[in-house]
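What's in coords_36.txt: compact mmCIF, N, CA and C atoms
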```
# COMPACT_ATOMS: atom_id res chain seq x y z
N MET F 148 16.69 -8.40 20.67
CA MET F 148 16.81 -7.17 19.91
C MET F 148 15.44 -6.81 19.35
N ASN F 149 15.09 -5.55 19.41
CA ASN F 149 13.81 -5.08 18.90
C ASN F 149 13.97 -4.50 17.51
N ASP F 150 13.00 -4.78 16.63
CA ASP F 150 12.95 -4.14 15.32
C ASP F 150 12.21 -2.83 15.48
N VAL F 151 12.76 -1.77 14.92
CA VAL F 151 12.15 -0.45 15.05
C VAL F 151 11.81 0.07 13.66
N LEU F 152 10.58 0.47 13.48
CA LEU F 152 10.15 1.10 12.24
C LEU F 152 9.83 2.56 12.54
N LEU F 153 10.41 3.45 11.79
CA LEU F 153 10.08 4.87 11.93
C LEU F 153 9.05 5.20 10.86
N ILE F 154 7.84 5.51 11.31
CA ILE F 154 6.76 5.77 10.36
C ILE F 154 6.22 7.17 10.56
N ASN F 155 5.79 7.76 9.46
CA ASN F 155 5.17 9.08 9.48
C ASN F 155 3.73 8.97 9.93
N ARG F 156 3.30 9.95 10.70
CA ARG F 156 1.88 10.05 11.04
C ARG F 156 1.21 10.85 9.94
N ILE F 157 0.09 10.36 9.47
CA ILE F 157 -0.67 11.05 8.44
C ILE F 157 -1.94 11.58 9.07
N VAL F 158 -2.17 12.87 8.96
CA VAL F 158 -3.38 13.49 9.49
C VAL F 158 -4.39 13.55 8.34
N PRO F 159 -5.48 12.78 8.43
CA PRO F 159 -6.45 12.75 7.33
C PRO F 159 -6.97 14.14 6.98
N GLY F 160 -6.98 14.45 5.71
CA GLY F 160 -7.51 15.72 5.22
C GLY F 160 -6.53 16.88 5.24
N GLN F 161 -5.38 16.70 5.87
CA GLN F 161 -4.43 17.81 5.97
C GLN F 161 -3.78 18.12 4.62
N SER F 162 -3.40 17.10 3.88
CA SER F 162 -2.81 17.29 2.55
C SER F 162 -3.25 16.15 1.64
N PRO F 163 -4.53 16.14 1.24
CA PRO F 163 -5.10 15.00 0.51
C PRO F 163 -4.45 14.71 -0.84
N ASN F 164 -3.85 15.72 -1.48
CA ASN F 164 -3.25 15.50 -2.79
C ASN F 164 -1.77 15.17 -2.72
N HIS F 165 -1.22 15.15 -1.50
CA HIS F 165 0.20 14.83 -1.33
C HIS F 165 0.44 13.37 -1.69
N GLN F 166 1.46 13.13 -2.51
CA GLN F 166 1.78 11.77 -2.91
C GLN F 166 2.74 11.14 -1.90
N ARG F 167 2.43 9.91 -1.50
CA ARG F 167 3.26 9.19 -0.55
C ARG F 167 3.49 7.76 -1.03
N LYS F 168 4.67 7.25 -0.77
CA LYS F 168 4.97 5.85 -1.06
C LYS F 168 4.50 5.04 0.14
N MET F 169 3.34 4.41 0.01
CA MET F 169 2.70 3.70 1.11
C MET F 169 3.01 2.21 1.04
N THR F 170 3.15 1.62 2.21
CA THR F 170 3.33 0.18 2.32
C THR F 170 2.05 -0.42 2.87
N PHE F 171 1.54 -1.41 2.18
CA PHE F 171 0.34 -2.14 2.59
C PHE F 171 0.78 -3.56 2.95
N ILE F 172 0.58 -3.95 4.20
CA ILE F 172 0.90 -5.30 4.65
C ILE F 172 -0.30 -6.19 4.33
N LEU F 173 -0.09 -7.20 3.51
CA LEU F 173 -1.17 -8.03 2.99
C LEU F 173 -0.95 -9.49 3.35
N GLY F 174 -2.03 -10.23 3.48
CA GLY F 174 -1.94 -11.65 3.78
C GLY F 174 -1.62 -12.47 2.55
N ASP F 175 -0.95 -13.58 2.75
CA ASP F 175 -0.67 -14.59 1.72
C ASP F 175 0.18 -14.08 0.55
N MET F 176 1.04 -13.11 0.79
CA MET F 176 1.88 -12.60 -0.30
C MET F 176 2.94 -13.61 -0.74
N HIS F 177 3.11 -14.69 0.02
CA HIS F 177 4.02 -15.76 -0.40
C HIS F 177 3.47 -16.51 -1.61
N ASN F 178 2.17 -16.36 -1.84
CA ASN F 178 1.49 -17.00 -2.97
C ASN F 178 1.74 -16.15 -4.22
N ILE F 179 2.46 -16.69 -5.18
CA ILE F 179 2.83 -15.95 -6.40
C ILE F 179 1.59 -15.46 -7.16
N GLU F 180 0.56 -16.30 -7.24
CA GLU F 180 -0.65 -15.90 -7.95
C GLU F 180 -1.32 -14.70 -7.30
N LEU F 181 -1.33 -14.67 -5.96
CA LEU F 181 -1.91 -13.53 -5.26
C LEU F 181 -1.08 -12.28 -5.50
N ALA F 182 0.23 -12.40 -5.43
CA ALA F 182 1.11 -11.25 -5.65
C ALA F 182 0.89 -10.67 -7.05
N GLU F 183 0.75 -11.53 -8.04
CA GLU F 183 0.49 -11.06 -9.41
C GLU F 183 -0.88 -10.39 -9.49
N ARG F 184 -1.87 -10.95 -8.78
CA ARG F 184 -3.21 -10.36 -8.76
C ARG F 184 -3.19 -8.98 -8.12
N VAL F 185 -2.42 -8.82 -7.05
CA VAL F 185 -2.30 -7.52 -6.38
C VAL F 185 -1.74 -6.49 -7.35
N ILE F 186 -0.70 -6.87 -8.09
CA ILE F 186 -0.11 -5.96 -9.07
C ILE F 186 -1.15 -5.58 -10.13
N ASP F 187 -1.86 -6.56 -10.64
CA ASP F 187 -2.89 -6.28 -11.66
C ASP F 187 -3.96 -5.35 -11.12
N ILE F 188 -4.43 -5.60 -9.91
CA ILE F 188 -5.48 -4.78 -9.31
C ILE F 188 -5.01 -3.33 -9.18
N LEU F 189 -3.78 -3.15 -8.71
CA LEU F 189 -3.25 -1.79 -8.54
C LEU F 189 -3.04 -1.09 -9.88
N GLN F 190 -2.51 -1.81 -10.87
CA GLN F 190 -2.27 -1.20 -12.18
C GLN F 190 -3.56 -0.81 -12.87
N GLU F 191 -4.62 -1.59 -12.66
CA GLU F 191 -5.91 -1.31 -13.29
C GLU F 191 -6.69 -0.24 -12.54
N SER F 192 -6.29 0.06 -11.32
CA SER F 192 -7.01 1.06 -10.54
C SER F 192 -6.56 2.46 -10.95
N GLU F 193 -7.31 3.43 -10.50
CA GLU F 193 -6.96 4.83 -10.76
C GLU F 193 -6.14 5.41 -9.62
N TYR F 194 -5.79 4.60 -8.64
CA TYR F 194 -5.14 5.10 -7.44
C TYR F 194 -3.62 5.04 -7.47
N ALA F 195 -3.06 4.01 -8.08
CA ALA F 195 -1.60 3.88 -8.15
C ALA F 195 -1.04 4.90 -9.13
N ILE F 196 -0.02 5.63 -8.71
CA ILE F 196 0.59 6.66 -9.55
C ILE F 196 1.82 6.05 -10.19
N GLY F 197 1.81 6.00 -11.52
CA GLY F 197 2.94 5.40 -12.24
C GLY F 197 2.96 3.89 -12.09
N ASN F 198 4.08 3.31 -12.45
CA ASN F 198 4.23 1.85 -12.36
C ASN F 198 5.23 1.46 -11.28
N ASN F 199 5.38 2.29 -10.26
CA ASN F 199 6.32 2.01 -9.18
C ASN F 199 5.67 1.16 -8.11
N ILE F 200 5.33 -0.06 -8.44
CA ILE F 200 4.74 -0.99 -7.48
C ILE F 200 5.83 -1.97 -7.09
N ILE F 201 6.15 -1.99 -5.80
CA ILE F 201 7.21 -2.86 -5.31
C ILE F 201 6.57 -3.96 -4.47
N VAL F 202 6.73 -5.19 -4.90
CA VAL F 202 6.19 -6.33 -4.17
C VAL F 202 7.22 -6.74 -3.12
N LYS F 203 6.76 -6.92 -1.90
CA LYS F 203 7.61 -7.35 -0.79
C LYS F 203 7.11 -8.71 -0.30
N TYR F 204 7.88 -9.33 0.58
CA TYR F 204 7.52 -10.65 1.07
C TYR F 204 6.20 -10.64 1.85
N ASN F 205 5.83 -9.47 2.39
CA ASN F 205 4.63 -9.41 3.22
C ASN F 205 3.63 -8.36 2.77
N GLY F 206 3.84 -7.79 1.59
CA GLY F 206 2.94 -6.75 1.13
C GLY F 206 3.41 -6.09 -0.14
N VAL F 207 3.04 -4.84 -0.27
CA VAL F 207 3.34 -4.10 -1.48
C VAL F 207 3.56 -2.64 -1.12
N GLU F 208 4.45 -1.98 -1.86
CA GLU F 208 4.68 -0.55 -1.69
C GLU F 208 4.27 0.14 -2.98
N VAL F 209 3.49 1.20 -2.85
CA VAL F 209 2.95 1.87 -4.04
C VAL F 209 2.80 3.36 -3.76
N LEU F 210 3.02 4.16 -4.78
CA LEU F 210 2.86 5.61 -4.68
C LEU F 210 1.39 5.97 -4.91
N VAL F 211 0.79 6.62 -3.90
CA VAL F 211 -0.62 7.04 -3.98
C VAL F 211 -0.78 8.40 -3.35
N GLU F 212 -1.86 9.08 -3.69
CA GLU F 212 -2.21 10.32 -2.99
C GLU F 212 -2.81 9.93 -1.63
N GLU F 213 -2.59 10.81 -0.65
CA GLU F 213 -3.10 10.52 0.70
C GLU F 213 -4.60 10.22 0.69
N SER F 214 -5.35 10.96 -0.09
CA SER F 214 -6.81 10.76 -0.11
C SER F 214 -7.20 9.40 -0.66
N ALA F 215 -6.30 8.73 -1.37
CA ALA F 215 -6.61 7.42 -1.97
C ALA F 215 -6.28 6.25 -1.05
N ILE F 216 -5.64 6.49 0.08
CA ILE F 216 -5.23 5.39 0.95
C ILE F 216 -6.42 4.54 1.38
N PRO F 217 -7.51 5.11 1.90
CA PRO F 217 -8.65 4.26 2.28
C PRO F 217 -9.29 3.58 1.07
N LYS F 218 -9.21 4.21 -0.08
CA LYS F 218 -9.78 3.61 -1.30
C LYS F 218 -8.99 2.39 -1.73
N VAL F 219 -7.67 2.43 -1.56
CA VAL F 219 -6.83 1.28 -1.88
C VAL F 219 -7.13 0.13 -0.91
N VAL F 220 -7.29 0.45 0.37
CA VAL F 220 -7.65 -0.58 1.34
C VAL F 220 -8.99 -1.21 0.95
N ARG F 221 -9.96 -0.38 0.59
CA ARG F 221 -11.26 -0.90 0.17
C ARG F 221 -11.13 -1.77 -1.08
N LEU F 222 -10.27 -1.36 -2.01
CA LEU F 222 -10.02 -2.12 -3.23
C LEU F 222 -9.50 -3.52 -2.90
N PHE F 223 -8.54 -3.58 -1.97
CA PHE F 223 -8.03 -4.88 -1.55
C PHE F 223 -9.13 -5.71 -0.90
N MET F 224 -9.89 -5.10 -0.02
CA MET F 224 -10.95 -5.83 0.69
C MET F 224 -12.02 -6.34 -0.28
N ASP F 225 -12.38 -5.51 -1.26
CA ASP F 225 -13.37 -5.92 -2.25
C ASP F 225 -12.90 -7.11 -3.09
N ASN F 226 -11.57 -7.30 -3.15
CA ASN F 226 -10.99 -8.40 -3.92
C ASN F 226 -10.51 -9.53 -3.01
N ASP F 227 -11.05 -9.58 -1.79
CA ASP F 227 -10.75 -10.64 -0.81
C ASP F 227 -9.26 -10.77 -0.50
N ILE F 228 -8.58 -9.63 -0.40
CA ILE F 228 -7.18 -9.61 -0.01
C ILE F 228 -7.11 -9.03 1.40
N ASP F 229 -6.57 -9.80 2.32
CA ASP F 229 -6.50 -9.39 3.72
C ASP F 229 -5.46 -8.29 3.90
N VAL F 230 -5.85 -7.20 4.59
CA VAL F 230 -4.96 -6.08 4.87
C VAL F 230 -4.66 -6.10 6.37
N TYR F 231 -3.37 -6.16 6.71
CA TYR F 231 -2.96 -6.21 8.11
C TYR F 231 -2.34 -4.90 8.60
N GLY F 232 -1.98 -4.03 7.70
CA GLY F 232 -1.40 -2.76 8.12
C GLY F 232 -1.12 -1.85 6.94
N VAL F 233 -1.05 -0.55 7.25
CA VAL F 233 -0.75 0.46 6.25
C VAL F 233 0.17 1.48 6.91
N TYR F 234 1.29 1.80 6.27
CA TYR F 234 2.17 2.79 6.85
C TYR F 234 3.03 3.47 5.79
N HIS F 235 3.59 4.60 6.19
CA HIS F 235 4.51 5.37 5.36
C HIS F 235 5.82 5.52 6.13
N MET F 236 6.88 4.99 5.58
CA MET F 236 8.19 5.03 6.25
C MET F 236 8.81 6.41 6.13
N TYR F 237 9.55 6.80 7.16
CA TYR F 237 10.36 8.02 7.07
C TYR F 237 11.44 7.82 6.01
N SER F 238 11.74 8.86 5.28
CA SER F 238 12.83 8.81 4.29
C SER F 238 14.14 9.09 5.01
N ALA F 239 15.18 8.48 4.51
CA ALA F 239 16.51 8.71 5.11
C ALA F 239 17.08 10.02 4.65
```

Give the structure from this file in structure tokens form.
Amino acid sequence: MNDVLLINRIVPGQSPNHQRKMTFILGDMHNIELAERVIDILQESEYAIGNNIIVKYNGVEVLVEESAIPKVVRLFMDNDIDVYGVYHMYSA
């Protein structure tokens, strides 16, 4: 059986201020200390909108403006957090 993810395509620059609930697939999220650090980094940044940060077994979901997506990836990379993927799921 195949797992199917329906993801939205984001066209850079088309709607930079549009807010999206983005999922960032991160390495070592099984490590509680790293998961807590990810939350702290996002809360202290200017990119996360509100406190709707959802920690998942393999990453984190956070509300950000489209223009901030590469900045969040850079934020993770600057803090030695491996990023394996970024996507926006279709809403039901």

**Message:** Here is a test: counting only C-alpha atoms, which residue of F:Ile179, F:Leu173, F:Leu222, F:Val207 is nearest to F:Tyr194?
**Reply:** F:Leu222

**Contact residues around F:Asn164 with only C-alpha atoms at 7 Å, ignoring same-chain residues under 2 positions, as a ChimeraX atom specification** = /F:162,166,212-214

**Request:** Take atom C of F:His177 and atom C of F:Glu208 and report the distance between them in Å, one decimal.
**Result:**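 Straight-line distance from atom C of F:His177 to atom C of F:Glu208 works out to 16.7 Å.
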
**For atom C of F:Lys203 and atom N of F:Gly160, the interatomic separation in Å (one decimal)** =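 Spanning atom C of F:Lys203 to atom N of F:Gly160 is a straight-line distance of 27.8 Å.
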
**Prompt:** In Å, how far is it from atom N of F:Pro217 to atom CA of F:Val158?
**Reply:**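 Computing the Euclidean distance for atom N of F:Pro217 and atom CA of F:Val158 yields 12.0 Å.
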
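Nearest to F:Tyr231 of all the residues F:Val211, F:Ile157, F:Ile172, F:Ile188 is F:Ile172, counting all atoms listed in the file.
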
**Picked from chain F by DSSP as strand (DSSP E or B), as a ChimeraX atom specification** = /F:154,166-173,201-203,206-212,230-234,236

Please save N, CA and C atoms of the selected residues as a short mmCIF file (atom, residue, chain, number, x, y, z; two decimals), keeping the file's coordinate frame.
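Once written, again.cif looks like this:
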```
data_model
loop_
_atom_site.label_atom_id
_atom_site.label_comp_id
_atom_site.auth_asym_id
_atom_site.auth_seq_id
_atom_site.Cartn_x
_atom_site.Cartn_y
_atom_site.Cartn_z
N ILE F 154 7.84 5.51 11.31
CA ILE F 154 6.76 5.77 10.36
C ILE F 154 6.22 7.17 10.56
N GLN F 166 1.46 13.13 -2.51
CA GLN F 166 1.78 11.77 -2.91
C GLN F 166 2.74 11.14 -1.90
N ARG F 167 2.43 9.91 -1.50
CA ARG F 167 3.26 9.19 -0.55
C ARG F 167 3.49 7.76 -1.03
N LYS F 168 4.67 7.25 -0.77
CA LYS F 168 4.97 5.85 -1.06
C LYS F 168 4.50 5.04 0.14
N MET F 169 3.34 4.41 0.01
CA MET F 169 2.70 3.70 1.11
C MET F 169 3.01 2.21 1.04
N THR F 170 3.15 1.62 2.21
CA THR F 170 3.33 0.18 2.32
C THR F 170 2.05 -0.42 2.87
N PHE F 171 1.54 -1.41 2.18
CA PHE F 171 0.34 -2.14 2.59
C PHE F 171 0.78 -3.56 2.95
N ILE F 172 0.58 -3.95 4.20
CA ILE F 172 0.90 -5.30 4.65
C ILE F 172 -0.30 -6.19 4.33
N LEU F 173 -0.09 -7.20 3.51
CA LEU F 173 -1.17 -8.03 2.99
C LEU F 173 -0.95 -9.49 3.35
N ILE F 201 6.15 -1.99 -5.80
CA ILE F 201 7.21 -2.86 -5.31
C ILE F 201 6.57 -3.96 -4.47
N VAL F 202 6.73 -5.19 -4.90
CA VAL F 202 6.19 -6.33 -4.17
C VAL F 202 7.22 -6.74 -3.12
N LYS F 203 6.76 -6.92 -1.90
CA LYS F 203 7.61 -7.35 -0.79
C LYS F 203 7.11 -8.71 -0.30
N GLY F 206 3.84 -7.79 1.59
CA GLY F 206 2.94 -6.75 1.13
C GLY F 206 3.41 -6.09 -0.14
N VAL F 207 3.04 -4.84 -0.27
CA VAL F 207 3.34 -4.10 -1.48
C VAL F 207 3.56 -2.64 -1.12
N GLU F 208 4.45 -1.98 -1.86
CA GLU F 208 4.68 -0.55 -1.69
C GLU F 208 4.27 0.14 -2.98
N VAL F 209 3.49 1.20 -2.85
CA VAL F 209 2.95 1.87 -4.04
C VAL F 209 2.80 3.36 -3.76
N LEU F 210 3.02 4.16 -4.78
CA LEU F 210 2.86 5.61 -4.68
C LEU F 210 1.39 5.97 -4.91
N VAL F 211 0.79 6.62 -3.90
CA VAL F 211 -0.62 7.04 -3.98
C VAL F 211 -0.78 8.40 -3.35
N GLU F 212 -1.86 9.08 -3.69
CA GLU F 212 -2.21 10.32 -2.99
C GLU F 212 -2.81 9.93 -1.63
N VAL F 230 -5.85 -7.20 4.59
CA VAL F 230 -4.96 -6.08 4.87
C VAL F 230 -4.66 -6.10 6.37
N TYR F 231 -3.37 -6.16 6.71
CA TYR F 231 -2.96 -6.21 8.11
C TYR F 231 -2.34 -4.90 8.60
N GLY F 232 -1.98 -4.03 7.70
CA GLY F 232 -1.40 -2.76 8.12
C GLY F 232 -1.12 -1.85 6.94
N VAL F 233 -1.05 -0.55 7.25
CA VAL F 233 -0.75 0.46 6.25
C VAL F 233 0.17 1.48 6.91
N TYR F 234 1.29 1.80 6.27
CA TYR F 234 2.17 2.79 6.85
C TYR F 234 3.03 3.47 5.79
N MET F 236 6.88 4.99 5.58
CA MET F 236 8.19 5.03 6.25
C MET F 236 8.81 6.41 6.13
#
```

**Item:** Spatial neighbours of F:Met176, 7 Å, only N, CA and C atoms, chain gap at least 4 places, as a list in words
**Value:** Leu181, Ala182, Lys203, Tyr204, Asn205 and Gly206 of chain F

**Message:** If DSSP is run on the backbone, what residues of chain F are helix (DSSP H, G or I)? A reply as an NGL selection string would be ideal.
**Reply:** :F and (179-191 or 213-225)

**Request:** Skip F:Ile196 itself and residues of its chain fewer than 2 positions away, then list as a list in words all residues within 10 Å of it, counting only C-alpha atoms.
**Result:** Gln166, Arg167, Lys168, Leu189, Gln190, Ser192, Glu193, Tyr194, Asn198, Asn199, Ile200, Val209, Leu210, Val211 and Glu212 of chain F

**Item:** Neighbours of point (0.1, -0.8, 3.6) within 6 Å, using only C-alpha atoms, written as a PyMOL selection string
**Value:** chain F and resi 169-172+232-234

**Residue nearest F:Asp229 among F:Glu180, F:Ala195, F:Val202, F:Asp175 (counting only C-alpha atoms)** = F:Asp175

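With only N, CA and C atoms as the basis for measurement, F:Asn155 is the residue among F:Val220, F:Asn155, F:Asp187, F:Asp225 that approaches F:Tyr237 most closely.
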